[in-house]
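**Student:** Encoded as structure tokens, here's the structure I'll be asking about.
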Amino acid sequence: TLKILIAGGGIGGLVFALAAKRSGFDVKVFEKDLTAVRGEGLERGPIQLLSSAMGLMESIDKDAAREIMESGYVTGDRLNGLADGTTGQWFAKFDFLTPAIQKSIPVTRIICRMELQRILLNAVGEDNVMNKSKVADFVSDSKKVTVFLENGEQYEGDILVGADGIRSMVRSKLFGTNKEPKYSNFICYTGVAEFHPTYLPSFGYKIFIGRNKYFVALDIGKGRMQWYAFVREPRNKNMLLECFGGWCDEVIKIIGRTNEEAIIRRPIHDIDMISTWGKGRVILLGDAAHAMLPNLGQGGSMAIEDCYWLMLELQNLAQRHTISEIPLDQITTAFTRFEKKRMFRVRIVHSICRLASTLTAFYQTYLIDIGPIFNVAGVLRVKHPAFHVSNKLLQLAMPKFMEWVIVGQD
């Protein structure tokens, strides 16, 4: 049987391991630290799973998909979209529900990352996942690929899948250090605000946009709002409140109802898109191949999509050859078909995520406050022309883009 080695036991690595196991392949996952699954990685927030990803999860493993859906919290059946941070007014509203119903796939939902990893780990089987086993190096030839762990152990397989995240060792080994993460110039602060359920905002997922900053809020159930504040300089809670002080009440209340000790700060990175994700017997997927900015919550879903389409190519390959007869060029061809299937879609999503952050540098709600001119304190304001232009563009383009993302690719 095809023997697959996987570097990384995050979402992408575990989903692909599950797909490989259900395909009858021999699979071994090497993970440096499973504390996120054990409940110690509390800094890892919830993850959004789009309908496209959940539909493919059902094809990979119906039981695991059902458990994920039962553990998740549906947000796709409510109001979602983009809004102006100062006024709180909606720019563009996304219909997550109708496309899912039309394609008969699950509705978009939010799930705790640790819970998702636990479900996946149980489905893969802990005997197939090696903890405290970081892949430090590998060599690949025409017959096999060999991975070397930091602890000195080594393992041989037919294929190595690099699912080791944004700082992927596998990617660096394949393509060099020029493919290292790129700083976005944004710092992300994130926390969980506690509300009585009756006082929760009515939306499922709302992105507030402002000049050089934006704020993402999503309902994660049980009277809690997860939020992400992206700013261009480091701030504590009071400075965050000052930074967003002129913004709408929704944003201020969400920050205010968060315990400051639980607010987490981290710089935000992505990587430049690369023209190929594989070489020889080695292939990348998920963040290792195309880590993107988190402002639209696409990373996890794109990784799951990668897993399905890569596994489909390997299944087709295994059906045409006995394992001992699969030549290296056939493996390379399968990887190339996978890349061609995925590259356009991923490149578009990656570009939109990066563009959304870039445009905040030019965004401005109001051109001038004309209240004092008419001796009216701060009431009359002239909206910046860019507000009207961007409003129309977003109203037209973003819902279509999100529908395309939600439905997935055939």
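Starting from 1 in every chain, residues are counted up; chains themselves are A, B, ... following the order of the structure tokens, and ligands are numbered from 1 as listed.
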Env of Met302 (chain A): 12 Å cut, atoms = only C-alpha atoms, seq-sep filter 2 positions within chain, self excluded. Answer as a PyMOL selection string.
**Tutor:** chain A and resi 11-12+15+47-54+56-57+285-292+294+296-300+304-309+342-343+345-350+405-406+408-409
**Student:** So that I can see what lies close to Glu313 (chain A), please list as JSON, numbers by chain the residues with an atom at most 8 Å from it, counting only C-alpha atoms and leaving out residues fewer than 6 positions away in the same chain.
**Tutor:** {"A": [334, 335, 337, 338]}
**Student:** Atoms to include: C-alpha atoms. Write the selected residues as a short mmCIF file (atom, residue, chain, number, x, y, z; two decimals), in the first residue's frame.
**Tutor:**
```cif
data_model
loop_
_atom_site.label_atom_id
_atom_site.label_comp_id
_atom_site.auth_asym_id
_atom_site.auth_seq_id
_atom_site.Cartn_x
_atom_site.Cartn_y
_atom_site.Cartn_z
CA ALA A 334 -0.27 13.74 -10.03
CA PHE A 335 1.15 16.60 -7.97
CA ARG A 337 -2.61 18.04 -11.66
CA PHE A 338 -3.37 18.83 -8.02
#
```
**Student:** Compile the contact shell of region 250-267 of chain A as a ChimeraX atom specification: residues with an atom at most 7 Å away, counting only C-alpha atoms, same-chain residues fewer than 5 positions apart removed.
**Tutor:** /A:43,186-194,237,241
**Student:** Please identify all polymer residues within 7 Å of region 128-139 of chain A, counting only C-alpha atoms, omitting same-chain residues fewer than 4 positions from it, and present them as a list in words.
**Tutor:** Ala7, Val27, Lys28, Val29, Phe30, Glu31, Lys32, Asp33, Leu34, Val124, Val145, Thr146, Val147, Phe148, Leu149 and Glu150 of chain A
**Student:** Now that the selection is made, can you save its residues with all heavy atoms as a compact mmCIF listing (two decimals), in the first residue's frame?
**Tutor:**
```
# COMPACT_ATOMS: atom_id res chain seq x y z
N ALA A 7 4.36 15.72 7.59
CA ALA A 7 5.02 16.63 8.54
C ALA A 7 3.99 17.64 9.02
O ALA A 7 3.53 18.48 8.24
CB ALA A 7 6.20 17.32 7.87
N VAL A 27 -0.34 5.56 6.73
CA VAL A 27 -0.08 6.97 7.02
C VAL A 27 0.60 7.13 8.36
O VAL A 27 0.31 6.40 9.33
CB VAL A 27 -1.39 7.79 6.97
CG1 VAL A 27 -2.36 7.32 8.04
CG2 VAL A 27 -1.13 9.28 7.11
N LYS A 28 1.55 8.06 8.43
CA LYS A 28 2.23 8.39 9.69
C LYS A 28 2.40 9.91 9.75
O LYS A 28 2.94 10.53 8.84
CB LYS A 28 3.60 7.71 9.75
CG LYS A 28 4.35 7.94 11.04
CD LYS A 28 3.68 7.22 12.21
CE LYS A 28 3.82 5.72 12.11
NZ LYS A 28 3.24 5.04 13.30
N VAL A 29 1.90 10.49 10.85
CA VAL A 29 1.97 11.94 11.06
C VAL A 29 3.03 12.25 12.10
O VAL A 29 3.06 11.62 13.17
CB VAL A 29 0.61 12.51 11.53
CG1 VAL A 29 0.70 14.02 11.72
CG2 VAL A 29 -0.50 12.14 10.56
N PHE A 30 3.88 13.23 11.81
CA PHE A 30 4.91 13.66 12.75
C PHE A 30 4.57 15.08 13.22
O PHE A 30 4.52 16.01 12.42
CB PHE A 30 6.28 13.65 12.07
CG PHE A 30 6.64 12.33 11.46
CD1 PHE A 30 6.51 12.13 10.10
CD2 PHE A 30 7.08 11.28 12.25
CE1 PHE A 30 6.82 10.91 9.52
CE2 PHE A 30 7.39 10.05 11.69
CZ PHE A 30 7.26 9.85 10.32
N GLU A 31 4.32 15.22 14.51
CA GLU A 31 3.91 16.52 15.07
C GLU A 31 4.84 16.88 16.23
O GLU A 31 5.08 16.06 17.13
CB GLU A 31 2.46 16.46 15.54
CG GLU A 31 1.99 17.65 16.37
CD GLU A 31 2.19 18.99 15.69
OE1 GLU A 31 1.98 19.08 14.45
OE2 GLU A 31 2.56 19.95 16.38
N LYS A 32 5.33 18.11 16.23
CA LYS A 32 6.28 18.53 17.26
C LYS A 32 5.62 18.76 18.61
O LYS A 32 6.26 18.62 19.65
CB LYS A 32 7.01 19.80 16.82
CG LYS A 32 6.11 21.01 16.65
CD LYS A 32 6.89 22.24 16.23
CE LYS A 32 5.97 23.44 16.07
NZ LYS A 32 6.73 24.65 15.66
N ASP A 33 4.29 19.11 18.60
CA ASP A 33 3.65 19.47 19.86
C ASP A 33 2.14 19.37 19.73
O ASP A 33 1.52 20.16 19.03
CB ASP A 33 4.05 20.89 20.24
CG ASP A 33 3.50 21.31 21.60
OD1 ASP A 33 2.96 20.45 22.32
OD2 ASP A 33 3.62 22.51 21.94
N LEU A 34 1.54 18.42 20.41
CA LEU A 34 0.10 18.21 20.35
C LEU A 34 -0.65 18.89 21.49
O LEU A 34 -1.78 18.55 21.78
CB LEU A 34 -0.22 16.70 20.38
CG LEU A 34 -0.06 15.94 19.06
CD1 LEU A 34 -0.23 14.45 19.28
CD2 LEU A 34 -1.05 16.43 18.01
N VAL A 124 -8.26 9.75 13.11
CA VAL A 124 -7.03 9.24 12.50
C VAL A 124 -6.46 8.09 13.31
O VAL A 124 -5.95 7.11 12.76
CB VAL A 124 -5.99 10.38 12.37
CG1 VAL A 124 -4.62 9.84 11.94
CG2 VAL A 124 -6.47 11.44 11.39
N VAL A 145 11.23 8.45 -0.09
CA VAL A 145 11.57 9.67 0.63
C VAL A 145 11.83 9.27 2.08
O VAL A 145 11.12 8.42 2.64
CB VAL A 145 10.45 10.73 0.54
CG1 VAL A 145 9.14 10.21 1.11
CG2 VAL A 145 10.85 12.02 1.24
N THR A 146 12.87 9.85 2.67
CA THR A 146 13.24 9.54 4.05
C THR A 146 13.20 10.82 4.87
O THR A 146 13.78 11.83 4.46
CB THR A 146 14.66 8.94 4.13
OG1 THR A 146 14.73 7.78 3.27
CG2 THR A 146 15.00 8.53 5.55
N VAL A 147 12.49 10.78 6.00
CA VAL A 147 12.46 11.95 6.89
C VAL A 147 13.33 11.67 8.11
O VAL A 147 13.43 10.52 8.58
CB VAL A 147 11.02 12.29 7.34
CG1 VAL A 147 10.14 12.59 6.15
CG2 VAL A 147 10.41 11.19 8.19
N PHE A 148 13.95 12.73 8.60
CA PHE A 148 14.82 12.65 9.77
C PHE A 148 14.22 13.54 10.85
O PHE A 148 13.99 14.73 10.63
CB PHE A 148 16.23 13.10 9.43
CG PHE A 148 16.86 12.32 8.30
CD1 PHE A 148 16.74 12.76 6.99
CD2 PHE A 148 17.54 11.14 8.56
CE1 PHE A 148 17.30 12.05 5.94
CE2 PHE A 148 18.11 10.42 7.51
CZ PHE A 148 17.99 10.86 6.21
N LEU A 149 13.96 12.96 12.01
CA LEU A 149 13.39 13.71 13.13
C LEU A 149 14.48 14.36 13.95
O LEU A 149 15.64 13.94 13.92
CB LEU A 149 12.53 12.79 14.00
CG LEU A 149 11.43 12.00 13.31
CD1 LEU A 149 10.62 11.22 14.35
CD2 LEU A 149 10.53 12.90 12.48
N GLU A 150 14.10 15.37 14.74
CA GLU A 150 15.06 16.04 15.61
C GLU A 150 15.68 15.10 16.63
O GLU A 150 16.81 15.29 17.06
CB GLU A 150 14.39 17.21 16.33
CG GLU A 150 14.27 18.47 15.50
CD GLU A 150 13.80 19.65 16.31
OE1 GLU A 150 13.22 19.44 17.41
OE2 GLU A 150 14.01 20.80 15.86
```
**Student:** Got a sec to tell me which of region 190-324 of chain A DSSP assigns to strand (DSSP E or B), as a PyMOL selection string?
**Tutor:** chain A and resi 190-194+205-210+213-221+224-231+264-270+278-279+282-284
**Student:** Using only C-alpha atoms for the distances, tell me which of A:Thr276, A:Glu233, A:Gln330, A:Gly88 is nearest to Leu317 (chain A).
**Tutor:**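 Closest to Leu317 (chain A), using only C-alpha atoms: A:Gln330.
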**Student:** Could you pull out the alpha helix (DSSP H) residues of region 109-231 of chain A from DSSP and send them as a PyMOL selection string?
**Tutor:** chain A and resi 113-124+169-175
**Student:** Using only C-alpha atoms, which residues sit within 8 Å of Ile207 (chain A) once same-chain residues fewer than 3 positions away are excluded, as a PyMOL selection string?
**Tutor:** chain A and resi 81-83+214-217
**Student:** Suppose you want the space between CA of Ser140 (chain A) and CA of Asp158 (chain A); what is it in Å?
**Tutor:**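 So the two atoms, CA of Ser140 (chain A) and CA of Asp158 (chain A), lie 9.2 Å apart.
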**Student:** For the atom pair CA of Gly210 (chain A) and CA of Gly85 (chain A), what is the interatomic distance in Å to one decimal place?
**Tutor:**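 About the pair CA of Gly210 (chain A) and CA of Gly85 (chain A): they are 5.5 Å apart.
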**Student:** Choose the residue, out of A:Asn122, A:Thr336, A:Ser184, A:Thr86, that has the smallest atom-to-atom separation from Leu284 (chain A); count only C-alpha atoms.
**Tutor:** A:Thr336
**Student:** Please measure the separation of CA of Arg113 (chain A) and CA of Asp84 (chain A), giving the value in Å to one decimal.
**Tutor:** 28.6 Å
**Student:** For a quick check of understanding, using only C-alpha atoms, which of A:His196, A:Arg281, A:Arg211, A:Lys206 has the smallest distance to Leu174 (chain A)?
**Tutor:**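 Residue with the minimum atom-to-atom distance to Leu174 (chain A): A:Arg281.
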